[in-house]
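Engineer: Once you've had a glance at the structure underneath, I'll fire off some questions.
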Amino acid sequence: MQRRCQVHRDLWREREGSEIGQGTHPWWPAGTARAAPGSPGSSMWSVCWLPVLTQLLLLRFLVAQPVSPIRVFVVPHSHMDVGWIYTVQVRHLLATRRLEFVIGGQVMHDETVAHFDDQILQLTEGHGFLYETFGIRPRFSWQIDSFGASATTPTLFALAGFHAHVISRIDYALKDTMQNSQGLQFVWRGSPTLSAQQEIFTHVLDQYNYCSEGFNWDGTAVFPNSPPDRVFHPKSVPITWNNINYYVSLLVDNVKERATWFRTPHLLWPWGCDKQFFNASLQFSNMDPLLDFINSNSSKLGISVEYATLADYFEAVQAHNASWRVHTHGDFLPYSSDPFQAWTGFYASRSGLKALARRASALLYAGESMFTRYMWPAPHQHLDPAWALKQLQRLRWAVSEVQHHDAITGTQSPKVRDMHEENLSSGMQGVQELMASIVRDRTPAHSDQEPVGHSAVVYNPLAWTVTTIVTLTVGFSRVSVTDESGQQVAAQIQESKKTQSAYDLHVLTTIPGLSYRYYSIRSTEGTQEETNQLGASLARTSNFGRKKKTPARPRDRHLIHVENDCYTVFLDRDTNLLHSIWERGSNRTVQVTQEFMEYHANADLKYGFVSDNFVFMPIDSAKSPWNSVGMQIVAGKLMTEIRQYFYRKVGDRNHTYAIYSRLAHVPLAQGAELLCRRIEQEYRVGPLELNREAILRTSTSLHNKQVLHSDNNGYQMQRRVFQKYSSNGIARNYYPMAQSAFIEDGRSRLVLLSKQAHGVSSQENGQVEVMLHRRLWNNFDWALDYDLTLNDTSTVYPVLWLLLGPQSLTTRLRQRCGLALQRAPVVLLRELNESAQIFPGSQRQQEAVTLPPSLHLQILSIPGWNYSSNHTEHLQDLQKRHRGKAKADLRRVLLRLHHLYEEGEDPVLSQPVRVNLQAVLQGLGSVGAVEERSLTGTWDGNTLHRWSWRTQEPPHHRGSSRSHSTPLQGTKVTIYPKEIRTFFIHFRSHESLADSVAPGRPQESQKKEDDPEHGKAWRDGG
């Protein structure tokens, strides 16, 4: 019997001793030779005692056996939440189909709080490495430890070319129901718009999850150091002729129980668990005889067993040709493992790490397109492309790694958190240096003496023109801001809310897509009145005394208001709290109040269940932690900021919580709609008291009936209806908010857009609450042993943007406004002196990259892969060089476009969009060829085909990697709603790149008609 195993995420381990050959066992007669598993003599060891044992063992299996035995696919696996390990003999094992990569990303990513842009990144990085190194492309997923299952993931895996998808952690009660109805396998259409075109067959592991309890002979690995005696516990007793009866019964009984939960006579039996197979020879030396014995008595026992990969299993299921139930776009969230264990706390665990991960992702996104624009149409000679790619690669990997389901979730130990933070910070520093080098390379210098100040380069990484306000911190209050033409720029200066003796400088900027604006910032002399006329205007601060919290009672309110062209915000002078918002689009005033609340958590298991990194288990409803509120209103020509400070006690000098709200004073009709129609809020939260979970509760007059909409990874929205539970109802009605959420009634919608992931819920009619921060400790031994008590003493500064208006208006703005928050312009500052002065009017801009408003430039980068787009040619190259290091290919540009809107969501923006890539990218040079690829780039999009699965619904066109859209035509492509389309762009080459790329031909000259996997490339007629 040939052993097979699978490798998932960022780890594989070569099993020690691929064949057992000669050996002895405690129960084996001394000197007996063993045949290699799979050979004719591999089961002869049982001959001498088989008759006697069989009589004793098989009596219990002789009644009512099925005609055909259950075919059991034993998939050896090890769930190792660590880094890369050994790769010895991997190529041989892959070639003989004894080793299979599943998922193939850098990590097994989280499906709840990770953004889908970052999920695609980590898949792309992993798939690119595997294909470049081994020439293989994974076709199956193994998402068995993510804490819940998002409906975005099956869509992404379908786009990546996967045949089938495996998940496990779904709500315990739902899994039980699915087991009893044989519903653990289905065809999942994760996107309501893409529907059958990007469906995927999905298998939910049964109640035994991915572990094979009772069949663990090597114990559980201990990291980083092994026990002194090299004995690992717990471990199963080795198999001998005295106890094989026990193991056969254990396995056969388990198989027959599980087989009743599935519709075909094929059973996937994961063999392994966390941190197993570190001594693979010991594992197999026990499992081999067990499987041999069962197969020798298959007809009597009613089962056959074989080592297998996921490919083996799903090929058998697919060949069965059953008709499968269709699961539509609903997700499997939240995840509860029992009535008192709702895994919803991690939505907000380690808020600081979640924020850092998003900042790193945003910087990488900007750095990728900036470097691509630098290289095309012609790079300058002062920047080493190899060094530049290294900086980008470091951050790509750091951002990819932190998407792990025990990383971005905040469920790791402090030392692992520190590792992620260090990797992210180091990677960000490298990309910042790269971006600064690009700016220096393109910015001329002037040697004349100038006043002390700064030069600022603001880069817009989005492929639209963006009008926004950027904020800088400066050390002087009288300041003049001029652009590259020497013209004064609208700006506002005010005292910093965070740093004493410093000032916040707000600058209004309008930047075309993938373009720069250059600003000179100088301190000025003269009176403040002169500065207001010639430089940044000084904001005026009004202070309002602290107001004690008082019981709410009807009375005449003393309201003050702050307004712009889109909103009027009313504040209650008696409480210093938000009172209501009038919205111009619907001419409606909505009651809106905001306050911080805290859930209290139990710390002692003796008194009940506890909250931890993973689980949210509040003792009771949320309590108000503050006693008084102070307020400032900082009003200026460009914007007004409302500052509310929440104090635990009346006499406290320092506040624990704060809300900073901003309204921009910009004309609605001058391309600034996104800026005018959002209320920007930043919060200060912490340090928290121990065993507190902090939320921001927004209460409104909207009659949403506790119906909430929250997003799946920023890709699509899910409707969440409040569920009544007999226990733990608060926690079980929390959902992840990776980027956005909203509540609504028939007239208005309140949208929350988040810069990072949080938990969100609607616990009462008209309410939406966001969990911002957690600090916990408990005496659970497991948590203490692994240092997972989440004693987070940090102060965090989350950011939310609020949109209020009619459904039609907020639908049109939500996606683009969310991207304006996630992918904000990057500001690069340097000292302005005699060696770094911008000549007025000297900056010659490259032509902007502009897409239609419903399309998003998901990525524009030079990945540096050195593999050929021709699959056959790439495999031949691998055989020749056998992983010899080739130079990075700088000619190939990766382009990915995403249609932001659902079908029918907006009468205009939900329409298909036809774009000419040559016209869009003309600022980068002349497009020579375009190839459509799979999501991660490793498959030719024209020849990628996935398995088709019969469904219990009327037939649809299925199995293609493409949805209902039209194929690429030359450089023109039509993008349909919710599509994500990936391309390789080959620009017509320039000599300066000739020495920097791998030997080989440009894509346009290496087309081979006889290769079915070769991507068709079209030339632009112009």
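Going by the structure tokens order, chains are called A, B, ..., each with residues numbered from 1, while ligands are numbered from 1 in the order shown.
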In range 365-568 of chain A, what's strand (DSSP E) per DSSP? Answer as an MDAnalysis selection string?

Structural biologist: chainID A and resid 453:460 466:474 479:483 491:495 503:511 515:523 537:538 540:548 559:563 567:568

Engineer: With distances taken over only C-alpha atoms, which of A:Thr936, A:Thr966, A:Gln763, A:Gln723 is nearest to Leu123 in chain A?

Structural biologist: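 Closest candidate: A:Thr936.
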
Engineer: Between A:Arg697, A:Pro852, A:Arg812, A:Ala378, single out the one closest to Asn916 in chain A, counting only C-alpha atoms.

Structural biologist: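 Nearest candidate to Asn916 in chain A out of A:Arg697, A:Pro852, A:Arg812, A:Ala378: A:Pro852.
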
Engineer: Which residue gives the smallest distance to Thr593 in chain A among A:Pro667, A:Glu495, A:Gly766, A:Gly486, with only C-alpha atoms counted?

Structural biologist: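 Of all the options, A:Gly766 lies closest to Thr593 in chain A.
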
Engineer: Could you pull the residues within 10 Å of Gln756 in chain A, counting only C-alpha atoms, minus those fewer than 5 positions along the same chain, as a PyMOL selection string?

Structural biologist: chain A and resi 113-115+348+351-359+737-740+772+798-800+821-822

Engineer: Atoms to include: N, CA and C atoms. Write the selected residues as a tab-separated table (two decimals), in the first residue's frame.

Structural biologist:
```
chain	number	residue	atom	x	y	z
A	113	VAL	N	-11.87	38.17	9.56
A	113	VAL	CA	-11.40	39.55	9.72
A	113	VAL	C	-10.35	39.94	8.69
A	114	ALA	N	-9.90	38.99	7.87
A	114	ALA	CA	-8.94	39.31	6.81
A	114	ALA	C	-9.68	39.91	5.62
A	115	HIS	N	-9.07	40.91	4.99
A	115	HIS	CA	-9.65	41.53	3.80
A	115	HIS	C	-9.34	40.65	2.59
A	348	ALA	N	-12.19	41.30	17.57
A	348	ALA	CA	-11.57	42.54	18.07
A	348	ALA	C	-10.30	42.29	18.88
A	351	SER	N	-6.39	44.58	18.74
A	351	SER	CA	-6.80	45.61	17.80
A	351	SER	C	-5.60	46.32	17.17
A	352	GLY	N	-4.55	46.50	17.93
A	352	GLY	CA	-3.36	47.17	17.40
A	352	GLY	C	-2.71	46.40	16.27
A	353	LEU	N	-2.65	45.06	16.39
A	353	LEU	CA	-2.08	44.24	15.31
A	353	LEU	C	-2.97	44.30	14.07
A	354	LYS	N	-4.27	44.26	14.26
A	354	LYS	CA	-5.19	44.35	13.13
A	354	LYS	C	-4.98	45.67	12.38
A	355	ALA	N	-4.80	46.76	13.12
A	355	ALA	CA	-4.58	48.06	12.48
A	355	ALA	C	-3.26	48.09	11.74
A	356	LEU	N	-2.21	47.55	12.35
A	356	LEU	CA	-0.89	47.54	11.71
A	356	LEU	C	-0.92	46.72	10.43
A	357	ALA	N	-1.60	45.59	10.46
A	357	ALA	CA	-1.66	44.74	9.28
A	357	ALA	C	-2.34	45.45	8.12
A	358	ARG	N	-3.40	46.22	8.40
A	358	ARG	CA	-4.07	46.96	7.33
A	358	ARG	C	-3.20	48.11	6.82
A	359	ARG	N	-2.50	48.78	7.72
A	359	ARG	CA	-1.61	49.86	7.26
A	359	ARG	C	-0.51	49.30	6.36
A	737	MET	N	-16.80	42.46	10.98
A	737	MET	CA	-16.87	43.59	10.06
A	737	MET	C	-15.45	43.85	9.56
A	738	ALA	N	-15.13	43.26	8.41
A	738	ALA	CA	-13.79	43.45	7.86
A	738	ALA	C	-13.62	44.86	7.30
A	739	GLN	N	-14.71	45.42	6.75
A	739	GLN	CA	-14.61	46.76	6.17
A	739	GLN	C	-15.88	47.58	6.35
A	740	SER	N	-17.07	46.96	6.33
A	740	SER	CA	-18.28	47.78	6.38
A	740	SER	C	-19.46	47.04	6.98
A	772	LEU	N	-14.35	47.46	19.87
A	772	LEU	CA	-13.12	48.15	19.48
A	772	LEU	C	-11.86	47.60	20.14
A	798	PRO	N	-8.89	53.31	16.63
A	798	PRO	CA	-9.63	52.86	15.45
A	798	PRO	C	-10.25	54.03	14.69
A	799	VAL	N	-10.58	53.79	13.42
A	799	VAL	CA	-11.19	54.80	12.57
A	799	VAL	C	-12.43	54.22	11.90
A	800	LEU	N	-13.54	54.96	11.99
A	800	LEU	CA	-14.76	54.65	11.25
A	800	LEU	C	-15.20	55.88	10.48
A	821	LEU	N	-10.94	55.01	2.14
A	821	LEU	CA	-10.42	54.83	3.50
A	821	LEU	C	-9.30	53.79	3.52
A	822	GLN	N	-9.51	52.66	2.85
A	822	GLN	CA	-8.52	51.58	2.87
A	822	GLN	C	-7.26	51.93	2.09
```

Engineer: Please run DSSP on the backbone and report, as a ChimeraX atom specification, all residues within range 366-529 of chain A that come out as alpha helix (DSSP H).

Structural biologist: /A:366-375,385-401,414-442,528-529

Engineer: Please identify all polymer residues within 12 Å of Asp556 in chain A, counting only C-alpha atoms, omitting same-chain residues fewer than 5 positions from it, and present them as a list in words.

Structural biologist: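 Residues meeting the cut-off are Asp572, Arg573 and Asp574 of chain A.
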
Engineer: For the selection just defined, write its residues with N, CA and C atoms to a file, as a tab-separated table (two decimals), in the first residue's frame.

Structural biologist:
```tsv
chain	number	residue	atom	x	y	z
A	572	ASP	N	-25.78	67.95	21.86
A	572	ASP	CA	-26.55	68.33	23.04
A	572	ASP	C	-25.60	68.99	24.04
A	573	ARG	N	-25.79	70.28	24.31
A	573	ARG	CA	-24.91	70.99	25.25
A	573	ARG	C	-25.11	70.53	26.69
A	574	ASP	N	-26.23	69.87	26.97
A	574	ASP	CA	-26.46	69.39	28.33
A	574	ASP	C	-25.71	68.10	28.63
```

Engineer: Tell me, as a ChimeraX atom specification, which residues lie within 8 Å of Gly367 in chain A, counting only C-alpha atoms; anything in the same chain fewer than 2 positions away does not count.

Structural biologist: /A:363-365,369-371,392,431-432,434-435

Engineer: Env of Leu788 in chain A: 8 Å cut, atoms = only C-alpha atoms, seq-sep filter 5 positions within chain, self excluded. Answer as a PyMOL selection string.

Structural biologist: chain A and resi 411-414+612-613+783

Engineer: Per residue of range 807-902 of chain A within 12 Å of range 970-978 of chain A, what are the shortest atom pair and its distance in Å to one decimal, counting only C-alpha atoms, with rows by chain and residue number, as CSV?

Structural biologist:
```
residue,atom,partner,partner_atom,distance
A:Gln815,CA,A:Lys978,CA,11.8
A:Leu851,CA,A:Ile975,CA,11.7
A:Pro852,CA,A:Ile975,CA,10.9
A:Ser854,CA,A:Pro977,CA,8.7
A:Leu855,CA,A:Ile975,CA,8.2
A:His856,CA,A:Lys978,CA,10.6
A:Arg896,CA,A:Ile975,CA,11.1
A:Leu897,CA,A:Ile975,CA,8.1
A:His898,CA,A:Lys978,CA,6.6
A:His899,CA,A:Lys978,CA,4.8
A:Leu900,CA,A:Lys978,CA,5.7
A:Tyr901,CA,A:Pro977,CA,5.5
A:Glu902,CA,A:Pro977,CA,5.4
```

Engineer: Quote the spacing between CA of Arg648 in chain A and CA of Asp504 in chain A in Å to one decimal place.

Structural biologist: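 Separation between CA of Arg648 in chain A and CA of Asp504 in chain A: 27.5 Å.
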
Engineer: Give me, please, the distance in Å between CA of Glu111 in chain A and CA of Glu905 in chain A, quoted to one decimal.

Structural biologist: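 Here the two named atoms are 24.5 Å from each other.
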
Engineer: Show me, as a PyMOL selection string, the residues that have an atom within 9 Å of Arg137 in chain A when counting only C-alpha atoms, minus same-chain residues fewer than 3 positions from it.

Structural biologist: chain A and resi 101-102+104+127-128+130-131+134+161+938-939

Engineer: Based on the selection just made, write C-alpha atoms of those residues as a CSV table (one decimal), in the first residue's frame.

Structural biologist:
```csv
chain,number,residue,atom,x,y,z
A,101,PHE,CA,-0.1,20.6,-1.9
A,102,VAL,CA,-3.5,21.9,-0.9
A,104,GLY,CA,-1.0,26.4,-1.6
A,127,HIS,CA,1.0,29.8,-5.7
A,128,GLY,CA,3.7,31.8,-7.4
A,130,LEU,CA,5.0,26.6,-5.8
A,131,TYR,CA,4.6,27.0,-9.5
A,134,PHE,CA,7.9,22.8,-8.6
A,161,GLY,CA,-8.9,27.0,-10.3
A,938,THR,CA,-0.5,30.4,-12.5
A,939,TRP,CA,-3.1,29.2,-15.0
```

Engineer: Kindly give the distance, in Å, that separates CA of Ser537 in chain A and CA of Gln488 in chain A, rounded to a single decimal.

Structural biologist: 11.7 Å

Engineer: Pick out the closest residue to Gly714 in chain A from this set: A:Asn587, A:Ser285, A:Ser754, A:Gln492. Count only C-alpha atoms.

Structural biologist: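 Of A:Asn587, A:Ser285, A:Ser754, A:Gln492, the one nearest Gly714 in chain A, counting only C-alpha atoms, is A:Ser754.
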